[in-house]
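This is data.txt (compact mmCIF, C-alpha atoms and all ligand atoms).
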# COMPACT_ATOMS: atom_id res chain seq x y z
CA MET V 1 -25.56 9.87 -5.02
CA LYS V 2 -24.78 11.87 -8.13
CA GLN V 3 -25.99 10.40 -11.43
CA PHE V 4 -23.27 8.95 -13.67
CA SER V 5 -22.92 7.27 -17.03
CA TYR V 6 -21.68 3.68 -17.22
CA THR V 7 -19.60 2.17 -20.02
CA ARG V 8 -17.51 -0.98 -20.40
CA ALA V 9 -14.02 -0.67 -21.84
CA GLU V 10 -13.03 -3.56 -24.14
CA THR V 11 -9.38 -2.50 -24.51
CA VAL V 12 -6.81 -0.62 -22.44
CA HIS V 13 -6.79 2.00 -25.19
CA ASP V 14 -10.57 2.49 -24.77
CA ALA V 15 -10.18 2.93 -21.02
CA VAL V 16 -7.37 5.45 -21.32
CA ALA V 17 -9.25 7.38 -24.02
CA ALA V 18 -12.38 7.49 -21.83
CA LEU V 19 -10.36 8.83 -18.90
CA ALA V 20 -8.65 11.44 -21.04
CA ALA V 21 -11.94 12.57 -22.60
CA ASN V 22 -13.76 13.25 -19.33
CA PRO V 23 -12.12 14.69 -16.20
CA GLU V 24 -15.07 13.33 -14.19
CA ALA V 25 -14.52 9.73 -15.34
CA GLN V 26 -13.28 7.05 -12.94
CA LEU V 27 -12.33 3.43 -13.54
CA LEU V 28 -14.25 0.62 -11.86
CA ALA V 29 -12.51 -2.68 -11.16
CA GLY V 30 -13.37 -4.58 -7.94
CA GLY V 31 -15.19 -1.52 -6.62
CA THR V 32 -14.40 -2.37 -3.00
CA ASN V 33 -13.39 1.21 -2.19
CA LEU V 34 -14.90 3.31 -4.98
CA VAL V 35 -18.48 2.11 -4.43
CA ASP V 36 -18.23 2.88 -0.70
CA LEU V 37 -16.89 6.34 -1.50
CA MET V 38 -19.80 6.94 -3.88
CA LYS V 39 -22.32 5.84 -1.25
CA TYR V 40 -20.77 8.27 1.22
CA ASP V 41 -20.97 11.00 -1.47
CA VAL V 42 -17.20 11.46 -1.19
CA ALA V 43 -16.47 10.26 -4.74
CA ARG V 44 -18.79 11.86 -7.30
CA PRO V 45 -17.75 10.56 -10.72
CA GLY V 46 -19.75 11.76 -13.71
CA ALA V 47 -18.78 8.65 -15.66
CA ILE V 48 -17.87 5.12 -14.61
CA VAL V 49 -15.65 3.13 -16.97
CA ASP V 50 -15.83 -0.56 -16.11
CA ILE V 51 -12.45 -2.18 -16.88
CA ASN V 52 -13.27 -5.71 -15.73
CA ARG V 53 -13.14 -7.08 -19.28
CA LEU V 54 -9.60 -5.91 -19.96
CA PRO V 55 -6.94 -8.63 -20.42
CA LEU V 56 -5.06 -7.77 -17.23
CA ARG V 57 -5.75 -10.91 -15.14
CA GLU V 58 -2.50 -12.83 -15.66
CA ILE V 59 0.51 -13.42 -13.43
CA GLU V 60 3.38 -13.90 -15.90
CA GLU V 61 6.88 -15.12 -15.23
CA LEU V 62 9.51 -12.87 -16.85
CA ASP V 63 12.79 -13.88 -18.51
CA ASP V 64 14.78 -12.07 -15.79
CA GLY V 65 13.29 -14.33 -13.09
CA GLY V 66 10.74 -11.77 -11.97
CA PHE V 67 6.98 -11.57 -12.40
CA ARG V 68 4.42 -9.24 -13.92
CA ILE V 69 1.08 -9.12 -12.10
CA GLY V 70 -1.78 -7.70 -14.17
CA ALA V 71 -3.75 -4.86 -12.63
CA LEU V 72 -6.97 -6.91 -12.51
CA VAL V 73 -5.54 -9.97 -10.77
CA SER V 74 -7.46 -10.30 -7.52
CA ASN V 75 -5.66 -9.92 -4.20
CA SER V 76 -6.57 -13.55 -3.40
CA ALA V 77 -5.17 -14.84 -6.68
CA VAL V 78 -1.83 -13.12 -5.97
CA ALA V 79 -1.68 -14.27 -2.35
CA TYR V 80 -2.41 -17.93 -3.17
CA ASP V 81 -0.42 -18.22 -6.41
CA PRO V 82 2.12 -21.00 -5.65
CA ARG V 83 4.92 -19.12 -7.47
CA ILE V 84 4.29 -15.96 -5.45
CA ARG V 85 4.11 -17.97 -2.22
CA GLU V 86 7.42 -19.61 -2.99
CA ARG V 87 9.39 -16.62 -4.29
CA TYR V 88 7.64 -13.59 -2.75
CA PRO V 89 6.13 -14.93 0.48
CA LEU V 90 6.36 -11.44 1.98
CA LEU V 91 3.84 -10.22 -0.60
CA SER V 92 1.51 -13.16 -0.03
CA SER V 93 1.67 -12.68 3.74
CA ALA V 94 0.95 -8.96 3.60
CA ILE V 95 -2.11 -9.48 1.40
CA LEU V 96 -3.47 -12.15 3.76
CA ALA V 97 -3.05 -9.75 6.69
CA GLY V 98 -5.57 -7.37 5.12
CA ALA V 99 -9.33 -7.11 4.75
CA SER V 100 -11.44 -10.31 4.64
CA PRO V 101 -11.52 -13.30 2.25
CA GLN V 102 -14.58 -11.86 0.49
CA LEU V 103 -12.91 -8.48 -0.05
CA ARG V 104 -9.64 -10.06 -1.18
CA ASN V 105 -11.59 -12.08 -3.78
CA ALA V 106 -13.09 -8.91 -5.26
CA ALA V 107 -10.26 -6.39 -4.77
CA THR V 108 -7.70 -6.06 -7.55
CA THR V 109 -3.97 -5.40 -7.64
CA GLY V 110 -4.40 -2.02 -9.33
CA GLY V 111 -7.27 -1.04 -7.07
CA ASN V 112 -5.27 -1.90 -3.96
CA LEU V 113 -2.70 0.72 -4.99
CA LEU V 114 -5.40 3.31 -5.62
CA GLN V 115 -7.51 2.82 -2.48
CA ARG V 116 -7.95 5.98 -0.49
CA THR V 117 -7.23 6.79 3.12
CA ARG V 118 -9.59 5.62 5.84
CA CYS V 119 -9.34 8.93 7.75
CA TYR V 120 -12.80 9.21 9.33
CA TYR V 121 -13.11 12.90 8.41
CA PHE V 122 -12.42 12.12 4.75
CA TYR V 123 -15.53 9.91 4.75
CA ASP V 124 -17.71 12.54 6.45
CA PRO V 125 -18.68 15.29 3.98
CA SER V 126 -20.02 17.44 6.84
CA THR V 127 -16.44 18.06 8.08
CA PRO V 128 -13.57 20.08 6.55
CA CYS V 129 -11.02 17.91 4.76
CA ASN V 130 -8.31 19.14 2.39
CA LYS V 131 -8.10 15.77 0.69
CA ARG V 132 -11.82 15.72 -0.13
CA ASP V 133 -12.33 19.50 -0.57
CA PRO V 134 -8.96 21.23 -1.16
CA GLY V 135 -8.58 24.39 0.90
CA SER V 136 -11.33 23.50 3.40
CA GLY V 137 -8.95 22.57 6.25
CA CYS V 138 -7.92 19.41 8.07
CA SER V 139 -10.25 18.22 10.82
CA ALA V 140 -7.76 15.62 12.06
CA ILE V 141 -5.15 18.22 13.05
CA GLY V 142 -6.28 19.15 16.54
CA GLY V 143 -9.11 16.62 16.25
CA VAL V 144 -9.30 12.87 16.75
CA ASN V 145 -6.07 11.65 15.20
CA ARG V 146 -5.30 8.30 16.80
CA ILE V 147 -4.92 6.52 13.43
CA HIS V 148 -2.97 9.27 11.68
CA ALA V 149 0.56 9.82 10.40
CA VAL V 150 3.75 10.29 12.42
CA LEU V 151 6.09 10.48 9.41
CA GLY V 152 6.00 12.71 6.32
CA ALA V 153 2.80 14.57 7.26
CA SER V 154 2.16 18.20 6.33
CA ASP V 155 0.12 21.01 7.86
CA THR V 156 -2.59 20.31 5.27
CA CYS V 157 -3.07 16.55 5.84
CA ILE V 158 -1.93 13.86 8.27
CA ALA V 159 -3.72 10.89 6.69
CA VAL V 160 -2.12 7.46 6.23
CA HIS V 161 -2.22 5.05 3.31
CA PRO V 162 -4.34 2.03 4.28
CA SER V 163 -2.87 -0.81 2.20
CA ASP V 164 -0.99 -3.86 3.50
CA MET V 165 -0.06 -5.18 0.06
CA CYS V 166 1.61 -1.90 -0.89
CA VAL V 167 3.89 -2.03 2.16
CA ALA V 168 5.29 -5.35 0.95
CA LEU V 169 5.61 -4.06 -2.62
CA ALA V 170 7.59 -1.08 -1.34
CA ALA V 171 9.95 -3.36 0.58
CA LEU V 172 10.39 -5.62 -2.44
CA GLY V 173 11.21 -2.69 -4.74
CA ALA V 174 8.40 -3.34 -7.21
CA THR V 175 7.69 -1.20 -10.27
CA VAL V 176 4.28 0.13 -11.31
CA GLU V 177 3.39 -0.16 -15.00
CA VAL V 178 1.24 2.71 -16.23
CA GLN V 179 -0.53 3.40 -19.54
CA GLY V 180 -1.59 6.84 -20.76
CA ALA V 181 -2.54 8.40 -24.06
CA GLU V 182 1.15 9.06 -24.75
CA GLY V 183 2.20 5.46 -24.15
CA THR V 184 3.48 3.39 -21.23
CA ARG V 185 5.85 4.28 -18.42
CA GLU V 186 7.18 2.58 -15.31
CA ILE V 187 7.24 4.18 -11.87
CA PRO V 188 9.39 2.81 -9.02
CA PHE V 189 7.00 1.74 -6.29
CA THR V 190 8.42 4.09 -3.69
CA ASP V 191 7.74 7.03 -6.05
CA PHE V 192 4.19 5.98 -6.91
CA HIS V 193 2.43 7.20 -3.76
CA ARG V 194 2.92 10.82 -2.68
CA LEU V 195 3.40 12.60 0.61
CA PRO V 196 0.59 15.12 1.18
CA GLY V 197 2.61 18.36 0.95
CA ASP V 198 0.36 21.19 -0.24
CA HIS V 199 -1.77 18.89 -2.40
CA PRO V 200 -3.21 16.12 -0.24
CA GLU V 201 -5.99 15.63 -2.80
CA ARG V 202 -3.40 13.85 -4.96
CA ASP V 203 -2.54 10.41 -3.60
CA ASN V 204 -0.14 9.25 -6.29
CA ALA V 205 2.01 10.11 -9.29
CA LEU V 206 -0.54 9.18 -11.97
CA ALA V 207 -1.13 11.95 -14.49
CA ARG V 208 -4.66 12.65 -15.69
CA GLY V 209 -5.73 9.99 -18.17
CA GLU V 210 -3.24 7.38 -16.96
CA MET V 211 -4.17 3.99 -15.54
CA VAL V 212 -2.23 1.26 -13.74
CA THR V 213 -1.87 -1.83 -15.95
CA GLY V 214 0.40 -4.00 -13.84
CA ILE V 215 3.13 -4.49 -11.25
CA ARG V 216 6.60 -5.83 -11.96
CA LEU V 217 8.64 -7.71 -9.40
CA GLU V 218 12.34 -8.41 -9.83
CA GLY V 219 13.99 -11.59 -8.61
CA ASN V 220 14.93 -11.31 -4.93
CA HIS V 221 16.78 -12.99 -2.06
CA PHE V 222 14.08 -12.55 0.54
CA ALA V 223 12.18 -15.84 0.41
CA HIS V 224 13.69 -17.10 3.70
CA HIS V 225 14.24 -14.07 5.91
CA TYR V 226 11.05 -12.02 5.80
CA THR V 227 7.92 -11.18 7.76
CA TYR V 228 4.85 -8.97 7.63
CA LEU V 229 3.89 -7.90 11.11
CA LYS V 230 0.67 -5.93 11.51
CA ILE V 231 -0.48 -4.30 14.75
CA ARG V 232 -4.16 -3.30 14.84
CA ASP V 233 -7.00 -2.63 17.26
CA ARG V 234 -8.97 -5.76 16.28
CA LEU V 235 -7.39 -9.10 15.54
CA SER V 236 -8.81 -9.23 12.02
CA PHE V 237 -10.54 -7.06 9.41
CA ALA V 238 -8.91 -3.86 10.68
CA PHE V 239 -6.44 -1.41 9.21
CA ALA V 240 -2.93 -1.23 10.62
CA LEU V 241 -2.01 1.11 13.42
CA VAL V 242 1.54 0.14 12.49
CA SER V 243 2.73 -2.55 10.13
CA VAL V 244 6.22 -3.63 9.12
CA ALA V 245 7.31 -5.47 6.00
CA ALA V 246 10.81 -6.71 6.83
CA ALA V 247 13.20 -8.62 4.57
CA LEU V 248 16.81 -9.56 5.10
CA ASP V 249 19.58 -11.10 3.05
CA ILE V 250 22.04 -12.50 5.62
CA ALA V 251 25.42 -14.23 5.28
CA ASP V 252 27.56 -15.39 8.23
CA GLY V 253 25.28 -13.53 10.63
CA LYS V 254 25.85 -10.19 8.86
CA ILE V 255 23.36 -8.08 6.92
CA ILE V 256 23.90 -8.09 3.15
CA ASP V 257 20.63 -6.37 2.29
CA LEU V 258 18.03 -4.91 4.66
CA ARG V 259 14.53 -3.84 3.69
CA VAL V 260 12.03 -2.28 6.09
CA ALA V 261 8.81 -0.68 4.87
CA LEU V 262 6.23 0.72 7.27
CA GLY V 263 2.46 0.91 6.97
CA GLY V 264 -0.02 2.92 9.04
CA VAL V 265 2.45 5.70 9.77
CA ALA V 266 2.53 7.90 6.65
CA HIS V 267 0.62 9.07 3.58
CA LYS V 268 2.49 6.40 1.62
CA PRO V 269 4.19 3.10 2.43
CA TRP V 270 7.26 4.44 4.24
CA ARG V 271 10.70 3.30 3.22
CA ASP V 272 14.08 4.98 3.77
CA THR V 273 16.62 3.33 1.46
CA LEU V 274 19.50 5.53 2.64
CA ALA V 275 18.92 4.50 6.24
CA GLU V 276 18.68 0.83 5.24
CA ALA V 277 22.03 1.00 3.42
CA GLU V 278 23.77 2.26 6.57
CA PHE V 279 23.35 -1.16 8.18
CA ALA V 280 24.98 -3.28 5.47
CA GLY V 281 27.72 -5.44 7.01
CA GLU V 282 26.40 -5.13 10.56
CA ALA V 283 25.44 -8.07 12.74
CA ALA V 284 21.90 -9.29 12.17
CA ASP V 285 21.00 -9.15 15.86
CA GLU V 286 18.66 -7.37 18.24
CA THR V 287 21.14 -4.60 19.05
CA THR V 288 21.40 -3.65 15.38
CA PHE V 289 17.65 -3.98 14.89
CA ALA V 290 17.01 -1.55 17.76
CA ARG V 291 19.33 0.96 16.06
CA VAL V 292 17.50 0.44 12.75
CA ALA V 293 14.21 1.20 14.49
CA LYS V 294 15.54 4.39 16.11
CA ARG V 295 17.02 5.53 12.80
CA LEU V 296 13.80 4.95 10.84
CA LEU V 297 11.68 6.79 13.39
CA SER V 298 14.18 9.59 13.99
CA GLY V 299 12.03 12.16 12.17
CA ALA V 300 8.72 11.01 13.60
CA GLU V 301 6.31 13.50 15.11
CA GLY V 302 3.03 12.75 16.84
CA GLN V 303 -0.20 14.76 16.72
CA GLY V 304 -1.29 14.05 20.30
CA GLY V 305 -3.72 11.20 19.80
CA ASN V 306 -1.23 9.15 17.82
CA ASP V 307 1.94 9.75 19.86
CA PHE V 308 1.83 6.11 20.92
CA LYS V 309 2.60 5.05 17.35
CA ILE V 310 6.24 6.14 17.59
CA PRO V 311 7.34 3.71 20.33
CA LEU V 312 4.92 1.13 18.92
CA ALA V 313 6.56 1.37 15.49
CA GLU V 314 10.04 1.04 17.03
CA LYS V 315 9.06 -2.08 18.93
CA THR V 316 7.29 -3.55 15.90
CA ILE V 317 10.36 -3.02 13.68
CA VAL V 318 12.58 -4.84 16.18
CA ARG V 319 10.09 -7.68 16.55
CA ALA V 320 9.67 -7.97 12.78
CA LEU V 321 13.41 -8.01 12.08
CA LYS V 322 13.89 -10.70 14.75
CA GLN V 323 11.17 -12.79 13.09
CA ALA V 324 12.78 -12.26 9.68
CA ALA V 325 16.31 -13.05 10.87
CA SER V 326 15.20 -16.25 12.58
CA GLY V 327 13.26 -17.42 9.52
CA ASN V 328 10.08 -17.50 11.60
CA PRO V 329 7.70 -15.13 9.80
CA GLN V 330 4.38 -14.09 11.27
CA ASP V 331 1.72 -16.66 10.37
CA GLN V 332 -1.32 -14.61 9.28
CA THR V 333 -3.69 -17.33 10.48
CA VAL V 334 -2.28 -16.82 14.00
CA LYS V 335 -3.69 -13.57 15.28
CA ALA V 336 -1.31 -13.19 18.21
CA VAL V 337 2.09 -11.64 17.54
CA GLN V 338 4.61 -14.48 17.43
FE1 LIG H 401 -8.73 15.16 5.33
FE2 LIG H 401 -6.18 14.41 5.42
FE3 LIG H 401 -7.12 15.94 7.33
FE4 LIG H 401 -8.00 13.42 7.14
S1 LIG H 401 -5.93 14.05 7.64
S2 LIG H 401 -9.22 15.29 7.52
S3 LIG H 401 -7.91 13.10 4.93
S4 LIG H 401 -6.96 16.50 5.16

Could you write out this file's structure as C-alpha cells?
Amino acid sequence: MKQFSYTRAETVHDAVAALAANPEAQLLAGGTNLVDLMKYDVARPGAIVDINRLPLREIEELDDGGFRIGALVSNSAVAYDPRIRERYPLLSSAILAGASPQLRNAATTGGNLLQRTRCYYFYDPSTPCNKRDPGSGCSAIGGVNRIHAVLGASDTCIAVHPSDMCVALAALGATVEVQGAEGTREIPFTDFHRLPGDHPERDNALARGEMVTGIRLEGNHFAHHYTYLKIRDRLSFAFALVSVAAALDIADGKIIDLRVALGGVAHKPWRDTLAEAEFAGEAADETTFARVAKRLLSGAEGQGGNDFKIPLAEKTIVRALKQAASGNPQDQTVKAVQ
C-alpha cells in the first residue's frame, strides 16, 4: 500500500480546500469501499481527509414536505428512520436489500453514491482495465462478463454500478447536493452518475475539489405502490444481477405516474423518463407492464456471458410492477421472490 498523509477536516470548507489543494487527496467517511480499494492497491491516495466529524449526520424535514439526508448519515439510519419508512419506503427497502447489517451501519449516504464498480478485473491490478488505468484496455470485453452491463455500455468499459440505494434514489427523482470551492450546486440524481463513454475512469459528474454534502428528496405519491426487487446469485450479501425499483401512482386502475429504475444492468442506475411517460393513462395491468419491460430493454445488448440479463430484467420489471400495483412490495427479510 502506498504511504499517505492523514488529516481530519473540522468543516466542509476544510474538506473542500484539502481536496482542491491536492489532486491525490481522497475523502474518508465509512471507508467500506475505499479501504478495500487501498488494500487491493487499486486506490492509491497520497492524502486521506477524514470527514467523519463534519456536521452532515442529520435527516431534516423540509418546508416543501421533502427531506434532506446529510452525506454522513449511515445507510442503516436512513433505512430505519420512521419518517423515511413511512414516506419513502422504496428507499428504505432498497437499502435493506444491500450489503450486511454491519456494512450498512458503517456505510454513509454520500459514500454509497461514490462506491466503485465490483468488476473483478477492476480489483485485479495485474489485468488491463480502462477504469483503473485509462488506455490499458478492458479485460471484461471478450472475458468473463457475467455480471456486466447490457445497457449504455461503451467499447472502453462494460462495468455496472453496484448500489441498491442509488437505484431507489433514481426512481424517486432525488437531487444530489454538492459543495466545491466555488460554492454549492444541485445535480439531478439521474445526471449524477455517468455512462462510461470514452472516460470510464470517471464515475460521476463531480468536478475536482467537489464533495457530496447531502441528498434531497421531494414529496412523492409512491408510499403505497412500490417495490424493490433484487435478483442475485446468493440470497443475501451479494450484488444485484438485476434489480428493479418500481413505483406507481394509480387512479381508477390507470397509471398516473410510473417510475422504473434498474440496477445491475448499466454503469449508472438506469432510468428512461421518456419511456415511462409513454405509459401514462394506460391500464396498470400485466399486459402494460410487459410492454414497459420490452420498451425499457429495447436497446439492450449482451456481451456473451451476460446475455441472460436481458430476459431476466424483462421478467423482473414485470414482477416488480405487479408487486407495486398490488401494494405487496418485496419484504427484504423474505429472501424468496414474492
Ligand atoms: Fe475495467 Fe470497466 Fe473493463 Fe471492468 S468493464 S475491466 S471496470 S474497463

What are the nearest atom pairs, with distances in Å to one decimal, for all residues of region 236-288 of chain V that come at most 12 Å from region 86-93 of chain V, using only C-alpha atoms, set out by chain and rising residue number as JSON lines?
{"residue": "V:Val244", "atom": "CA", "partner": "V:Leu90", "partner_atom": "CA", "distance": 10.6}
{"residue": "V:Ala245", "atom": "CA", "partner": "V:Leu90", "partner_atom": "CA", "distance": 7.3}
{"residue": "V:Ala246", "atom": "CA", "partner": "V:Leu90", "partner_atom": "CA", "distance": 8.1}
{"residue": "V:Ala247", "atom": "CA", "partner": "V:Leu90", "partner_atom": "CA", "distance": 7.8}
{"residue": "V:Leu248", "atom": "CA", "partner": "V:Leu90", "partner_atom": "CA", "distance": 11.1}
{"residue": "V:Arg259", "atom": "CA", "partner": "V:Leu90", "partner_atom": "CA", "distance": 11.3}
{"residue": "V:Val260", "atom": "CA", "partner": "V:Leu90", "partner_atom": "CA", "distance": 11.5}
{"residue": "V:Ala261", "atom": "CA", "partner": "V:Leu90", "partner_atom": "CA", "distance": 11.4}

Near ligand LIG 401 (chain H), 7 Å: chain V residue rows, closest pairs, all atoms listed in the file, as a Markdown table:
| residue | atom | partner | partner_atom | distance |
| --- | --- | --- | --- | --- |
| V:Thr117 | CA | H:LIG401 | S3 | 6.6 |
| V:Cys119 | CA | H:LIG401 | FE4 | 4.7 |
| V:Tyr120 | CA | H:LIG401 | FE4 | 6.7 |
| V:Tyr121 | CA | H:LIG401 | S2 | 4.7 |
| V:Phe122 | CA | H:LIG401 | S3 | 4.6 |
| V:Pro128 | CA | H:LIG401 | S2 | 6.5 |
| V:Cys129 | CA | H:LIG401 | FE1 | 3.6 |
| V:Asn130 | CA | H:LIG401 | S4 | 4.1 |
| V:Lys131 | CA | H:LIG401 | S4 | 4.7 |
| V:Arg132 | CA | H:LIG401 | FE1 | 6.3 |
| V:Gly137 | CA | H:LIG401 | S4 | 6.5 |
| V:Cys138 | CA | H:LIG401 | FE3 | 3.6 |
| V:Ser139 | CA | H:LIG401 | S2 | 4.5 |
| V:Ala140 | CA | H:LIG401 | S2 | 4.8 |
| V:Ile141 | CA | H:LIG401 | FE3 | 6.5 |
| V:His148 | CA | H:LIG401 | S1 | 6.9 |
| V:Thr156 | CA | H:LIG401 | S4 | 5.8 |
| V:Cys157 | CA | H:LIG401 | FE2 | 3.8 |
| V:Ile158 | CA | H:LIG401 | S1 | 4.1 |
| V:Ala159 | CA | H:LIG401 | S1 | 4.0 |
| V:Pro200 | CA | H:LIG401 | S4 | 6.6 |

### Query
Which of these residues is nearest to Tyr40 (chain V), using all atoms listed in the file: V:Leu151, V:Met1, V:Ala300, V:Ala240?
V:Met1

### Query
Nearest to Gly180 (chain V): which of V:Thr273, V:Ser76, V:Asn52, V:Thr213 is it, counting all atoms listed in the file?
V:Thr213

### Message
Could you list, as a PyMOL selection string, every residue within 10 Å of Gly46 (chain V), counting only C-alpha atoms and ignoring same-chain residues fewer than 3 positions away?
### Response
chain V and resi 2-6+22-26+43

Got time to write the residues from that selection, C-alpha atoms, as an mmCIF file, keeping the file's coordinate frame?
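Heads up, here's the output in out21.cif:
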data_model
loop_
_atom_site.group_PDB
_atom_site.id
_atom_site.type_symbol
_atom_site.label_atom_id
_atom_site.label_comp_id
_atom_site.auth_asym_id
_atom_site.auth_seq_id
_atom_site.Cartn_x
_atom_site.Cartn_y
_atom_site.Cartn_z
ATOM 1 C CA LYS V 2 -24.780 11.870 -8.130
ATOM 2 C CA GLN V 3 -25.990 10.400 -11.430
ATOM 3 C CA PHE V 4 -23.270 8.950 -13.670
ATOM 4 C CA SER V 5 -22.920 7.270 -17.030
ATOM 5 C CA TYR V 6 -21.680 3.680 -17.220
ATOM 6 C CA ASN V 22 -13.760 13.250 -19.330
ATOM 7 C CA PRO V 23 -12.120 14.690 -16.200
ATOM 8 C CA GLU V 24 -15.070 13.330 -14.190
ATOM 9 C CA ALA V 25 -14.520 9.730 -15.340
ATOM 10 C CA GLN V 26 -13.280 7.050 -12.940
ATOM 11 C CA ALA V 43 -16.470 10.260 -4.740
#

### Residue nearest Phe189 (chain V) among V:Lys254, V:Arg118, V:Lys294, V:Lys268 (counting only C-alpha atoms)
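Using only C-alpha atoms, Phe189 (chain V) sits closest to V:Lys268.
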
### Task
Would you list the contacts of region 278-293 of chain V as a ChimeraX atom specification, taking every protein, DNA or RNA residue within 9 Å and counting only C-alpha atoms, but skipping same-chain residues closer than 2 positions in sequence?
/V:248,250,252-258,273-276,295-298,313-319,321-322,325

Write the residues of the preceding selection, restricted to C-alpha atoms, as an mmCIF file, in the frame of the given file.
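The resulting result04.cif:
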data_model
loop_
_atom_site.group_PDB
_atom_site.id
_atom_site.type_symbol
_atom_site.label_atom_id
_atom_site.label_comp_id
_atom_site.auth_asym_id
_atom_site.auth_seq_id
_atom_site.Cartn_x
_atom_site.Cartn_y
_atom_site.Cartn_z
ATOM 1 C CA LEU V 248 16.810 -9.560 5.100
ATOM 2 C CA ILE V 250 22.040 -12.500 5.620
ATOM 3 C CA ASP V 252 27.560 -15.390 8.230
ATOM 4 C CA GLY V 253 25.280 -13.530 10.630
ATOM 5 C CA LYS V 254 25.850 -10.190 8.860
ATOM 6 C CA ILE V 255 23.360 -8.080 6.920
ATOM 7 C CA ILE V 256 23.900 -8.090 3.150
ATOM 8 C CA ASP V 257 20.630 -6.370 2.290
ATOM 9 C CA LEU V 258 18.030 -4.910 4.660
ATOM 10 C CA THR V 273 16.620 3.330 1.460
ATOM 11 C CA LEU V 274 19.500 5.530 2.640
ATOM 12 C CA ALA V 275 18.920 4.500 6.240
ATOM 13 C CA GLU V 276 18.680 0.830 5.240
ATOM 14 C CA ARG V 295 17.020 5.530 12.800
ATOM 15 C CA LEU V 296 13.800 4.950 10.840
ATOM 16 C CA LEU V 297 11.680 6.790 13.390
ATOM 17 C CA SER V 298 14.180 9.590 13.990
ATOM 18 C CA ALA V 313 6.560 1.370 15.490
ATOM 19 C CA GLU V 314 10.040 1.040 17.030
ATOM 20 C CA LYS V 315 9.060 -2.080 18.930
ATOM 21 C CA THR V 316 7.290 -3.550 15.900
ATOM 22 C CA ILE V 317 10.360 -3.020 13.680
ATOM 23 C CA VAL V 318 12.580 -4.840 16.180
ATOM 24 C CA ARG V 319 10.090 -7.680 16.550
ATOM 25 C CA LEU V 321 13.410 -8.010 12.080
ATOM 26 C CA LYS V 322 13.890 -10.700 14.750
ATOM 27 C CA ALA V 325 16.310 -13.050 10.870
#

### Message
Nearest residue to Gly143 (chain V) out of V:Gln303, V:His193, V:Pro329, V:Leu103, using all atoms listed in the file?
### Response
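Smallest distance to Gly143 (chain V) is found for V:Gln303.
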
Hey, can I get the axis-aligned box for region 46-52 of chain V? All listed atoms, 6 Å padding on each side, centre and edge lengths in Å to one decimal, as JSON.
{"center_x": -16.1, "center_y": 3.0, "center_z": -15.3, "size_x": 19.3, "size_y": 29.5, "size_z": 15.3}

### Query
With only C-alpha atoms as the basis for distance, which of V:Leu114, V:Leu96, V:Ala168, V:Ala320 is at the shortest distance from Arg194 (chain V)?
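Going through V:Leu114, V:Leu96, V:Ala168, V:Ala320 one by one, the smallest distance to Arg194 (chain V) is for V:Leu114.
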